[in-house]
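Each remark here refers to the structure printed beneath this line.
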Amino acid sequence: MKLSLDWIKDYVRLPDGLEVSRLMYDLTMSTVEVEGAENLSDRFKNIVVGVIEEIVPHPNADKLRICRTDIGGGEIKEIVCGGVNLNSGMKTAVAKPGAFVRWHGEGGLVEIKNAKLRGVESYGMICASSEIGLFDLFPFKEEATIMDLSGFDARPGDDIAAVLGLEDVLLEIDNKSLTNRPDLWGHYGIARELSALYDVPLLELPEFSLPSGVGGIKVVIDDPGRCSRYLGVKIDGVSAAKMSSFVIQSRIWRVGMRPINALVDVTNYVMLAVGQPTHAFDSGNIEGGITVRKAGDGERLILLNGKEVSLSPDDLVIADDREAVALAGIMGGVKDSILDDTTSIILEIANFEPIGLRKTAQKHDLRTEASVRYEKGIDPQRADQALKLACSVFASEFPDMNISGCYDNYPRPLERIQIDVSLEWLARRMGKRLDDSEINRFLDRLGFSSEISGDTLRVSPPSWRSTGDISIPDDIMEEVARLHGYENFEPTRITATFERSINQRDMDTERGLREYLSYRCGMQEVFTYPWVRDEYLDAVFSDREGMLEISTPPAPDERFIRSSLLPNLLEAASGNARHLDGFAIYELSQVFFDRNFSAPYDERELLPEQRRRVTGVFVSKDAGVAGLFRRAKGTVEGIQRYVHVEPLSFIQTNRPHWADETVWLNISSLGGESLGEETVIGSLALLSKRSAMLAGIRQSAVIVFDIDVESLVPLRSRTNRYTRLPEYPQVEYDISMLFGEPVKWESVESAALGRRVAPDLVRSVSFIDEYRGRQIPDGKKSITLRLVIGSDKKTLTSDEIEAAAAAVKKRLSKQLGGEIRT
């Protein structure tokens with residue numbers, strides 16, 4: 001939210017010499033987070049008022065003219081300009097060299113320099129309003145219309161910021177820090193807060209007395225629970241054809257709203273001033289009176305933005321005797337709001353229940369300045385402030401205006417609560433004891449009523465803090481502490497005794513997985529949204545059974561919450577595969593299941609089931625499927641050793657829907673509740689062609705592993721053992737043999753190692769290569785393995801090495817039918 005410091009000063013006298021940086025710090029430390037401050041006049045450096053003294057034709061261009069312009073200080077400068085509305089004596093905006101503008105109001109800022117235009121030297125630039133960011137204040141229809149300042153009291157050379165009253169500081173407030181403070185969603189609320197912080201007077205809003213005996217308007221509230229107050233005022237003698245005064249336009253523009261006409265501008269001005277939204281209806285189009293009611297089922301309403309909405313009884317509307325004319329607290333209807341020929345209005349100042357209004361705004365995808373404020377819970381009493389200010393400003397803008405009707409329907413007056421706080425408790429919780437008089441003084445500055453009797457502090461918050469913001473003793477403690485100043489509390493050293501460490505093995509497992517996959521396996525961790533696009537769900541699942549659907553999805557094709565990490569990883573892989581030949585990514589996060597999807601609605605549990613999973617995707621255009629599969633399989637196999645979990649193994653039980661028909665394995669664990677019983681906890685597979693095409697991945701092999709992290713059983717202690725380095729040299733010995741197609745590497749490795757009975761000299765066996773080709777008979781494959789041969793007692797001779805290798809060949813031949821290639 002943006003705030004104008006100049007506007008705030010209308011309501012509070014800040015201390016002399018207060019620096020903006022100090023004000024930002026004090027507000028941030030005590031109330032709301034001030035994200036930044038902008039000196040508005042900095043936008044208009046080196047932009048001054050110029051008076052065109054004489055206009056002469058350009059000798060080389062029909063559409064350009066040379067303007068001899070007085071820019072102050074006795075200087076007359078020749079400026080080449082193509083404006084269509086240039087006149088002698090006209091006051092305009094001149095950007096001197098060094099100023100920054102946007103050419104024709106588009107693109108980035110460009111620094112102005114002296115230039116030669118079609119052979120004529122030109123000093124600076126005569127500007128259109130769009131070129132210096134003021135189009136909303138000085139709109140035009142015809143292109144090349146120059147900004148006309150003839151109506152302003154200005155002399156040549158005056159800074160344009162000073163002439164237009166733009167010497168202001170804009171404060172940027174973080175909206176999240178305002179969520180529980182509905183009283184601060186306006187300049188007057190911030191001024192009241194600054195008044196309390198600096199103990200300076202808060203100025204009253206303008207007074208306005210309604211004419212006595214005013215009637216002429218009827219307001220009915222059918223649902224007081226959704227609308228606690230509705231104040232309607234009929235105002236005649238106004239006109240939508242009139243623009244508001246420049247002060248009004250300038251103020252609402254500074255904080256991010258666009259001036260439209262005097263009627264709309266005044267309603268926006270009041271909302272920005274006191275934080276109370278208002279709305280104006282064309283009274284000529286209101287049939288009968290105003291009724292605040294629930295919408296009919298299927299009732300339709302065309303809003304001001306042109307959107308037609310279909311309503312339900314959950315929605316609250318403002319209606320006349322014929323039909324709905326506005327969506328309560330959110331947006332008016334297009335037929336009954338301010339029209340071009342409006343001369344009489346009904347001004348709405350109301351208070352709506354925040355939860356129902358927020359649900360309606362979300363359901364219809366409508367977020368307006370009014371709805372944002374109503375959602376925070378505005379106090380009904382603020383309507384009185386808005387009424388006085390609105391009538392005062394309308395009277396200023398339309399001196400001949402007349403209030404011909406007023407009705408205040410207030411069925412549920414706000415009840416101020418009382419909170420009792422123990423002074424002993426307050427001192428203990430704050431860590432500091434304050435004088436009773438100081439506590440009362442702080443609360444009085446904030447508008448609270450308070451009295452102390454014995455150890456009890458009885459507090460009654462003001463109306464603007466009574467909508468849920470202040471409700472318990474802890475809230476009172478916060479108010480006293482922040483007025484005292486958090487920086488004025490001395491830190492207290494906390495004494496703690498740590499008796500034993502807490503070993504959270506599940507957290508260690510997750511951290512170990514991330515470190516292992518990122519550091520040892522060279523994979524990139526990604527983070528995706530919990531919702532999933534339909535096209536990637538189709539690539540992974542055959543149906544939507546058990547998935548949770550979002551009631552208000554971010555997009556029509558993103559209705560479902562992920563029950564697997566794979567769809568979003570495939571989306572990430574699809575995007576990266578367009579630019580990279582190969583990569584590996586993974587995600588470790590929650591997935592969600594509707595554990596009750598088959599149960600009757602009234603018997604379902606409230607919370608869905610959540611599981612933590614880790615899913616990895618290996619993508620390559622160049623590497624073959626076999627090599628990529630071995631990399632992924634090796635990654636899964638290494639989890640046991642490096643993450644310190646119970647052993648993992650591979651079986652083939654249930655093929656995932658997204659997996660290739662041949663290249664797939666299930667991942668199983670021997671841990672869990674039934675120790676020693678093999679349980680499937682994930683899958684490792686080649687992504688099928690169908691799934692890859694649906695995910696938009698072409699010309700790349702994709703290997704996927706998916707593991708249920710919560711099924712990994714961490715070891716109670718590290719099982720690593722120290723193994724000393726070999727004292728004598730070891731030798732690597734490669735063997736290539738032919739085996740039948742059904743023979744697995746697991747069997748080859750087991751046979752090569754034998755029973756490992758001393759004095760077996762084979763220390764380890766590792767896979768090197770697998771080959772099929774023209775030289776290999778049908779039904780056979782060549783496997784190359786590497787033996788590490790050595791002794792703990794001596795350096796082996798060549799004969800001893802050959803004998804150890806021969807023993808391995810013999811075992812492979814006898815047990816698996818292996819043959820030496822010749």
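Each chain of the structure tokens is named A, B, ... in the order shown, its residues numbered from 1; ligands are numbered from 1 in display order.
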
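Excluding Leu5 of chain A itself and any same-chain residue fewer than 5 positions from it, the protein and nucleic acid residues within 9 Å of it, counting only C-alpha atoms, are Asp10, Asp168, Val169, Leu170, Leu171 and His187 of chain A.
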
Residue subset to file, keeping all heavy atoms, as a PDB file, in the first residue's frame:
```pdb
ATOM      1  N   ASP A  10      -1.938  16.307   6.807  1.00  0.00           N
ATOM      2  CA  ASP A  10      -3.216  17.018   6.966  1.00  0.00           C
ATOM      3  C   ASP A  10      -3.880  16.663   8.294  1.00  0.00           C
ATOM      4  O   ASP A  10      -4.725  17.425   8.786  1.00  0.00           O
ATOM      5  CB  ASP A  10      -4.174  16.638   5.829  1.00  0.00           C
ATOM      6  CG  ASP A  10      -3.925  17.442   4.574  1.00  0.00           C
ATOM      7  OD1 ASP A  10      -2.979  18.264   4.560  1.00  0.00           O
ATOM      8  OD2 ASP A  10      -4.663  17.250   3.592  1.00  0.00           O
ATOM      9  N   ASP A 168       6.421  15.635  -2.554  1.00  0.00           N
ATOM     10  CA  ASP A 168       5.836  14.740  -1.570  1.00  0.00           C
ATOM     11  C   ASP A 168       6.750  13.526  -1.405  1.00  0.00           C
ATOM     12  O   ASP A 168       7.605  13.252  -2.245  1.00  0.00           O
ATOM     13  CB  ASP A 168       4.444  14.293  -2.041  1.00  0.00           C
ATOM     14  CG  ASP A 168       3.618  13.620  -0.947  1.00  0.00           C
ATOM     15  OD1 ASP A 168       4.082  13.559   0.207  1.00  0.00           O
ATOM     16  OD2 ASP A 168       2.506  13.154  -1.264  1.00  0.00           O
ATOM     17  N   VAL A 169       6.562  12.792  -0.308  1.00  0.00           N
ATOM     18  CA  VAL A 169       7.258  11.532  -0.078  1.00  0.00           C
ATOM     19  C   VAL A 169       6.206  10.428  -0.027  1.00  0.00           C
ATOM     20  O   VAL A 169       5.222  10.531   0.705  1.00  0.00           O
ATOM     21  CB  VAL A 169       8.066  11.553   1.240  1.00  0.00           C
ATOM     22  CG1 VAL A 169       8.653  10.175   1.523  1.00  0.00           C
ATOM     23  CG2 VAL A 169       9.169  12.588   1.167  1.00  0.00           C
ATOM     24  N   LEU A 170       6.408   9.395  -0.834  1.00  0.00           N
ATOM     25  CA  LEU A 170       5.487   8.267  -0.869  1.00  0.00           C
ATOM     26  C   LEU A 170       6.077   7.115  -0.064  1.00  0.00           C
ATOM     27  O   LEU A 170       7.210   6.687  -0.324  1.00  0.00           O
ATOM     28  CB  LEU A 170       5.234   7.822  -2.313  1.00  0.00           C
ATOM     29  CG  LEU A 170       4.662   8.885  -3.260  1.00  0.00           C
ATOM     30  CD1 LEU A 170       4.422   8.298  -4.638  1.00  0.00           C
ATOM     31  CD2 LEU A 170       3.380   9.488  -2.699  1.00  0.00           C
ATOM     32  N   LEU A 171       5.317   6.619   0.901  1.00  0.00           N
ATOM     33  CA  LEU A 171       5.743   5.499   1.726  1.00  0.00           C
ATOM     34  C   LEU A 171       5.132   4.211   1.182  1.00  0.00           C
ATOM     35  O   LEU A 171       3.930   4.171   0.866  1.00  0.00           O
ATOM     36  CB  LEU A 171       5.305   5.690   3.179  1.00  0.00           C
ATOM     37  CG  LEU A 171       5.788   6.965   3.879  1.00  0.00           C
ATOM     38  CD1 LEU A 171       5.195   7.051   5.281  1.00  0.00           C
ATOM     39  CD2 LEU A 171       7.313   7.006   3.942  1.00  0.00           C
ATOM     40  N   HIS A 187      -5.052   6.919   5.240  1.00  0.00           N
ATOM     41  CA  HIS A 187      -4.100   7.918   5.714  1.00  0.00           C
ATOM     42  C   HIS A 187      -4.428   8.380   7.127  1.00  0.00           C
ATOM     43  O   HIS A 187      -3.523   8.655   7.925  1.00  0.00           O
ATOM     44  CB  HIS A 187      -4.081   9.114   4.751  1.00  0.00           C
ATOM     45  CG  HIS A 187      -3.400   8.823   3.452  1.00  0.00           C
ATOM     46  ND1 HIS A 187      -3.986   8.094   2.447  1.00  0.00           N
ATOM     47  CD2 HIS A 187      -2.152   9.155   2.996  1.00  0.00           C
ATOM     48  CE1 HIS A 187      -3.153   8.001   1.425  1.00  0.00           C
ATOM     49  NE2 HIS A 187      -2.038   8.617   1.731  1.00  0.00           N
TER      50      HIS A 187
END
```

I'd like the neighbourhood of Leu3 of chain A as a list in words, where a residue qualifies if any of its atoms comes within 10 Å (using only C-alpha atoms), though same-chain residues fewer than 6 positions away should be ignored.
Ala37, Val169, Leu170, Leu171, Glu172, Ile173, Trp185, Gly186, His187, Ile190, Arg251, Ile252, Arg254, Val255, Gly256, Leu272 and Ala273 of chain A

Grab the residues selected above and save them as a PDB file, in the first residue's frame with N, CA, C and O atoms.
```
ATOM      1  N   ALA A  37      10.679   4.357   0.728  1.00  0.00           N
ATOM      2  CA  ALA A  37      10.125   5.707   0.593  1.00  0.00           C
ATOM      3  C   ALA A  37      10.681   6.328  -0.686  1.00  0.00           C
ATOM      4  O   ALA A  37      11.859   6.163  -1.006  1.00  0.00           O
ATOM      5  N   VAL A 169       6.562  12.792  -0.308  1.00  0.00           N
ATOM      6  CA  VAL A 169       7.258  11.532  -0.078  1.00  0.00           C
ATOM      7  C   VAL A 169       6.206  10.428  -0.027  1.00  0.00           C
ATOM      8  O   VAL A 169       5.222  10.531   0.705  1.00  0.00           O
ATOM      9  N   LEU A 170       6.408   9.395  -0.834  1.00  0.00           N
ATOM     10  CA  LEU A 170       5.487   8.267  -0.869  1.00  0.00           C
ATOM     11  C   LEU A 170       6.077   7.115  -0.064  1.00  0.00           C
ATOM     12  O   LEU A 170       7.210   6.687  -0.324  1.00  0.00           O
ATOM     13  N   LEU A 171       5.317   6.619   0.901  1.00  0.00           N
ATOM     14  CA  LEU A 171       5.743   5.499   1.726  1.00  0.00           C
ATOM     15  C   LEU A 171       5.132   4.211   1.182  1.00  0.00           C
ATOM     16  O   LEU A 171       3.930   4.171   0.866  1.00  0.00           O
ATOM     17  N   GLU A 172       5.941   3.168   1.066  1.00  0.00           N
ATOM     18  CA  GLU A 172       5.474   1.859   0.609  1.00  0.00           C
ATOM     19  C   GLU A 172       5.347   0.958   1.829  1.00  0.00           C
ATOM     20  O   GLU A 172       6.336   0.637   2.489  1.00  0.00           O
ATOM     21  N   ILE A 173       4.102   0.545   2.143  1.00  0.00           N
ATOM     22  CA  ILE A 173       3.830  -0.280   3.319  1.00  0.00           C
ATOM     23  C   ILE A 173       3.587  -1.723   2.872  1.00  0.00           C
ATOM     24  O   ILE A 173       2.867  -1.974   1.901  1.00  0.00           O
ATOM     25  N   TRP A 185      -5.697   1.014   7.138  1.00  0.00           N
ATOM     26  CA  TRP A 185      -5.819   0.993   5.676  1.00  0.00           C
ATOM     27  C   TRP A 185      -6.318   2.342   5.135  1.00  0.00           C
ATOM     28  O   TRP A 185      -7.182   2.404   4.270  1.00  0.00           O
ATOM     29  N   GLY A 186      -5.775   3.392   5.657  1.00  0.00           N
ATOM     30  CA  GLY A 186      -6.101   4.734   5.198  1.00  0.00           C
ATOM     31  C   GLY A 186      -5.145   5.735   5.813  1.00  0.00           C
ATOM     32  O   GLY A 186      -4.473   5.450   6.819  1.00  0.00           O
ATOM     33  N   HIS A 187      -5.052   6.919   5.240  1.00  0.00           N
ATOM     34  CA  HIS A 187      -4.100   7.918   5.714  1.00  0.00           C
ATOM     35  C   HIS A 187      -4.428   8.380   7.127  1.00  0.00           C
ATOM     36  O   HIS A 187      -3.523   8.655   7.925  1.00  0.00           O
ATOM     37  N   ILE A 190      -3.077   5.851   9.733  1.00  0.00           N
ATOM     38  CA  ILE A 190      -1.624   5.968   9.932  1.00  0.00           C
ATOM     39  C   ILE A 190      -1.302   7.244  10.700  1.00  0.00           C
ATOM     40  O   ILE A 190      -0.420   7.252  11.574  1.00  0.00           O
ATOM     41  N   ARG A 251      -3.866  13.578  -5.404  1.00  0.00           N
ATOM     42  CA  ARG A 251      -3.668  12.728  -4.224  1.00  0.00           C
ATOM     43  C   ARG A 251      -3.998  11.271  -4.508  1.00  0.00           C
ATOM     44  O   ARG A 251      -3.253  10.366  -4.116  1.00  0.00           O
ATOM     45  N   ILE A 252      -5.097  11.009  -5.180  1.00  0.00           N
ATOM     46  CA  ILE A 252      -5.428   9.616  -5.447  1.00  0.00           C
ATOM     47  C   ILE A 252      -4.471   9.020  -6.485  1.00  0.00           C
ATOM     48  O   ILE A 252      -4.164   7.826  -6.443  1.00  0.00           O
ATOM     49  N   ARG A 254      -1.258   9.767  -6.742  1.00  0.00           N
ATOM     50  CA  ARG A 254       0.023   9.487  -6.094  1.00  0.00           C
ATOM     51  C   ARG A 254       0.059   8.112  -5.442  1.00  0.00           C
ATOM     52  O   ARG A 254       1.102   7.471  -5.385  1.00  0.00           O
ATOM     53  N   VAL A 255      -1.076   7.667  -4.930  1.00  0.00           N
ATOM     54  CA  VAL A 255      -1.083   6.389  -4.215  1.00  0.00           C
ATOM     55  C   VAL A 255      -1.628   5.255  -5.078  1.00  0.00           C
ATOM     56  O   VAL A 255      -2.002   4.198  -4.561  1.00  0.00           O
ATOM     57  N   GLY A 256      -1.670   5.472  -6.399  1.00  0.00           N
ATOM     58  CA  GLY A 256      -1.893   4.366  -7.316  1.00  0.00           C
ATOM     59  C   GLY A 256      -3.257   4.244  -7.942  1.00  0.00           C
ATOM     60  O   GLY A 256      -3.530   3.241  -8.610  1.00  0.00           O
ATOM     61  N   LEU A 272      -9.418   6.190   0.577  1.00  0.00           N
ATOM     62  CA  LEU A 272      -7.978   6.294   0.813  1.00  0.00           C
ATOM     63  C   LEU A 272      -7.667   7.142   2.049  1.00  0.00           C
ATOM     64  O   LEU A 272      -6.627   6.970   2.678  1.00  0.00           O
ATOM     65  N   ALA A 273      -8.577   8.051   2.387  1.00  0.00           N
ATOM     66  CA  ALA A 273      -8.343   8.919   3.541  1.00  0.00           C
ATOM     67  C   ALA A 273      -8.619   8.197   4.853  1.00  0.00           C
ATOM     68  O   ALA A 273      -7.774   8.174   5.754  1.00  0.00           O
TER      69      ALA A 273
END
```

Mind checking which residues fall within 12 Å of Ile494 of chain A, counting only C-alpha atoms, ignoring those fewer than 3 positions away in the same chain, and posting them as a ChimeraX atom specification?
/A:431,491,497

DSSP strand (DSSP E) residues within segment 514-672 of chain A, listed as a ChimeraX atom specification
/A:524-525,531-532,560-561,582-593,609-620,648-651,659-669

Output N, CA and C atoms for every residue in the selection just made, as a compact mmCIF listing (two decimals), in the first residue's frame.
```
# COMPACT_ATOMS: atom_id res chain seq x y z
N GLN A 524 20.36 -31.80 -9.70
CA GLN A 524 19.89 -30.48 -9.30
C GLN A 524 18.55 -30.61 -8.60
N GLU A 525 18.43 -30.04 -7.38
CA GLU A 525 17.15 -30.06 -6.68
C GLU A 525 16.25 -28.96 -7.23
N TRP A 531 0.15 -27.73 -7.04
CA TRP A 531 -0.89 -28.05 -8.00
C TRP A 531 -0.25 -28.49 -9.32
N VAL A 532 -1.03 -29.22 -10.13
CA VAL A 532 -0.49 -29.88 -11.31
C VAL A 532 -1.37 -29.57 -12.53
N PHE A 560 -6.00 -29.88 -9.63
CA PHE A 560 -5.68 -30.98 -8.73
C PHE A 560 -4.35 -30.76 -8.00
N ILE A 561 -4.36 -31.20 -6.73
CA ILE A 561 -3.15 -31.20 -5.92
C ILE A 561 -2.36 -32.46 -6.24
N GLY A 582 21.55 -33.01 -21.74
CA GLY A 582 21.42 -33.96 -20.66
C GLY A 582 21.44 -33.28 -19.30
N PHE A 583 20.66 -33.80 -18.36
CA PHE A 583 20.62 -33.24 -17.01
C PHE A 583 19.92 -34.24 -16.09
N ALA A 584 20.04 -34.00 -14.81
CA ALA A 584 19.37 -34.83 -13.81
C ALA A 584 18.81 -33.93 -12.73
N ILE A 585 17.52 -34.06 -12.42
CA ILE A 585 16.87 -33.23 -11.41
C ILE A 585 16.11 -34.12 -10.45
N TYR A 586 15.85 -33.59 -9.27
CA TYR A 586 15.05 -34.33 -8.29
C TYR A 586 14.29 -33.35 -7.42
N GLU A 587 13.25 -33.86 -6.76
CA GLU A 587 12.49 -33.08 -5.78
C GLU A 587 12.15 -33.99 -4.61
N LEU A 588 12.25 -33.44 -3.41
CA LEU A 588 11.86 -34.14 -2.19
C LEU A 588 10.82 -33.28 -1.50
N SER A 589 9.59 -33.76 -1.47
CA SER A 589 8.51 -32.95 -0.91
C SER A 589 7.31 -33.83 -0.62
N GLN A 590 6.21 -33.16 -0.20
CA GLN A 590 4.99 -33.88 0.16
C GLN A 590 4.13 -34.14 -1.07
N VAL A 591 3.40 -35.23 -1.00
CA VAL A 591 2.30 -35.48 -1.93
C VAL A 591 1.06 -35.71 -1.08
N PHE A 592 -0.11 -35.57 -1.70
CA PHE A 592 -1.35 -35.55 -0.94
C PHE A 592 -2.35 -36.53 -1.56
N PHE A 593 -3.09 -37.22 -0.68
CA PHE A 593 -4.08 -38.17 -1.13
C PHE A 593 -5.39 -37.94 -0.37
N GLU A 609 -4.38 -37.39 3.50
CA GLU A 609 -3.14 -38.09 3.82
C GLU A 609 -1.98 -37.39 3.12
N GLN A 610 -0.86 -37.25 3.82
CA GLN A 610 0.34 -36.64 3.26
C GLN A 610 1.50 -37.61 3.41
N ARG A 611 2.29 -37.76 2.36
CA ARG A 611 3.48 -38.57 2.39
C ARG A 611 4.62 -37.77 1.77
N ARG A 612 5.82 -38.03 2.26
CA ARG A 612 6.99 -37.39 1.69
C ARG A 612 7.67 -38.37 0.74
N ARG A 613 7.93 -37.89 -0.48
CA ARG A 613 8.54 -38.74 -1.49
C ARG A 613 9.73 -38.01 -2.11
N VAL A 614 10.61 -38.79 -2.71
CA VAL A 614 11.70 -38.23 -3.48
C VAL A 614 11.62 -38.84 -4.87
N THR A 615 11.63 -37.97 -5.87
CA THR A 615 11.53 -38.41 -7.26
C THR A 615 12.67 -37.78 -8.05
N GLY A 616 13.34 -38.60 -8.84
CA GLY A 616 14.44 -38.11 -9.67
C GLY A 616 14.20 -38.42 -11.12
N VAL A 617 14.67 -37.53 -12.00
CA VAL A 617 14.51 -37.68 -13.44
C VAL A 617 15.86 -37.48 -14.11
N PHE A 618 16.30 -38.47 -14.88
CA PHE A 618 17.54 -38.39 -15.65
C PHE A 618 17.16 -38.27 -17.12
N VAL A 619 17.66 -37.25 -17.80
CA VAL A 619 17.30 -36.98 -19.19
C VAL A 619 18.58 -36.88 -20.01
N SER A 620 18.61 -37.54 -21.19
CA SER A 620 19.78 -37.46 -22.05
C SER A 620 19.37 -37.67 -23.50
N LEU A 648 18.16 -51.69 0.29
CA LEU A 648 17.18 -51.62 -0.79
C LEU A 648 17.50 -52.70 -1.80
N SER A 649 16.48 -53.22 -2.45
CA SER A 649 16.69 -54.21 -3.51
C SER A 649 15.68 -53.95 -4.62
N PHE A 650 15.80 -54.72 -5.69
CA PHE A 650 14.95 -54.52 -6.87
C PHE A 650 14.19 -55.80 -7.18
N ILE A 651 12.89 -55.64 -7.42
CA ILE A 651 12.03 -56.76 -7.82
C ILE A 651 11.11 -56.25 -8.91
N ALA A 659 5.47 -46.21 -16.87
CA ALA A 659 6.73 -46.90 -17.15
C ALA A 659 6.69 -47.66 -18.47
N ASP A 660 7.87 -47.83 -19.07
CA ASP A 660 8.04 -48.65 -20.25
C ASP A 660 7.65 -50.09 -19.91
N GLU A 661 7.18 -50.83 -20.92
CA GLU A 661 6.69 -52.18 -20.66
C GLU A 661 7.80 -53.15 -20.30
N THR A 662 9.04 -52.83 -20.69
CA THR A 662 10.15 -53.76 -20.46
C THR A 662 11.12 -53.27 -19.40
N VAL A 663 11.53 -52.01 -19.51
CA VAL A 663 12.60 -51.48 -18.66
C VAL A 663 11.99 -50.87 -17.40
N TRP A 664 11.72 -51.69 -16.41
CA TRP A 664 11.18 -51.19 -15.15
C TRP A 664 11.50 -52.14 -14.02
N LEU A 665 11.62 -51.58 -12.83
CA LEU A 665 11.86 -52.34 -11.60
C LEU A 665 11.10 -51.68 -10.46
N ASN A 666 10.68 -52.48 -9.52
CA ASN A 666 10.18 -51.93 -8.26
C ASN A 666 11.32 -51.89 -7.25
N ILE A 667 11.31 -50.87 -6.41
CA ILE A 667 12.31 -50.73 -5.36
C ILE A 667 11.69 -51.23 -4.06
N SER A 668 12.38 -52.12 -3.39
CA SER A 668 11.84 -52.68 -2.16
C SER A 668 12.82 -52.51 -1.02
N SER A 669 12.28 -52.58 0.20
CA SER A 669 13.09 -52.43 1.39
C SER A 669 12.80 -53.59 2.33
```

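Atom CA of Ala295 of chain A to atom CA of Gly225 of chain A spans 14.8 Å [interatomic distance, one decimal].
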
Residue contacts of Phe135 of chain A (9 Å, only C-alpha atoms) excluding same-chain residues fewer than 6 positions away, as a ChimeraX atom specification
/A:105,128-129

Between A:Thr291, A:Thr278, A:Thr784, A:Gln362, which is the closest to Phe767 of chain A once you count only C-alpha atoms?
A:Thr784

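Across A:Ala240, A:Gly298, A:Arg226, A:Ile439, the tightest approach to Asn351 of chain A is made by A:Arg226 when counting only C-alpha atoms.
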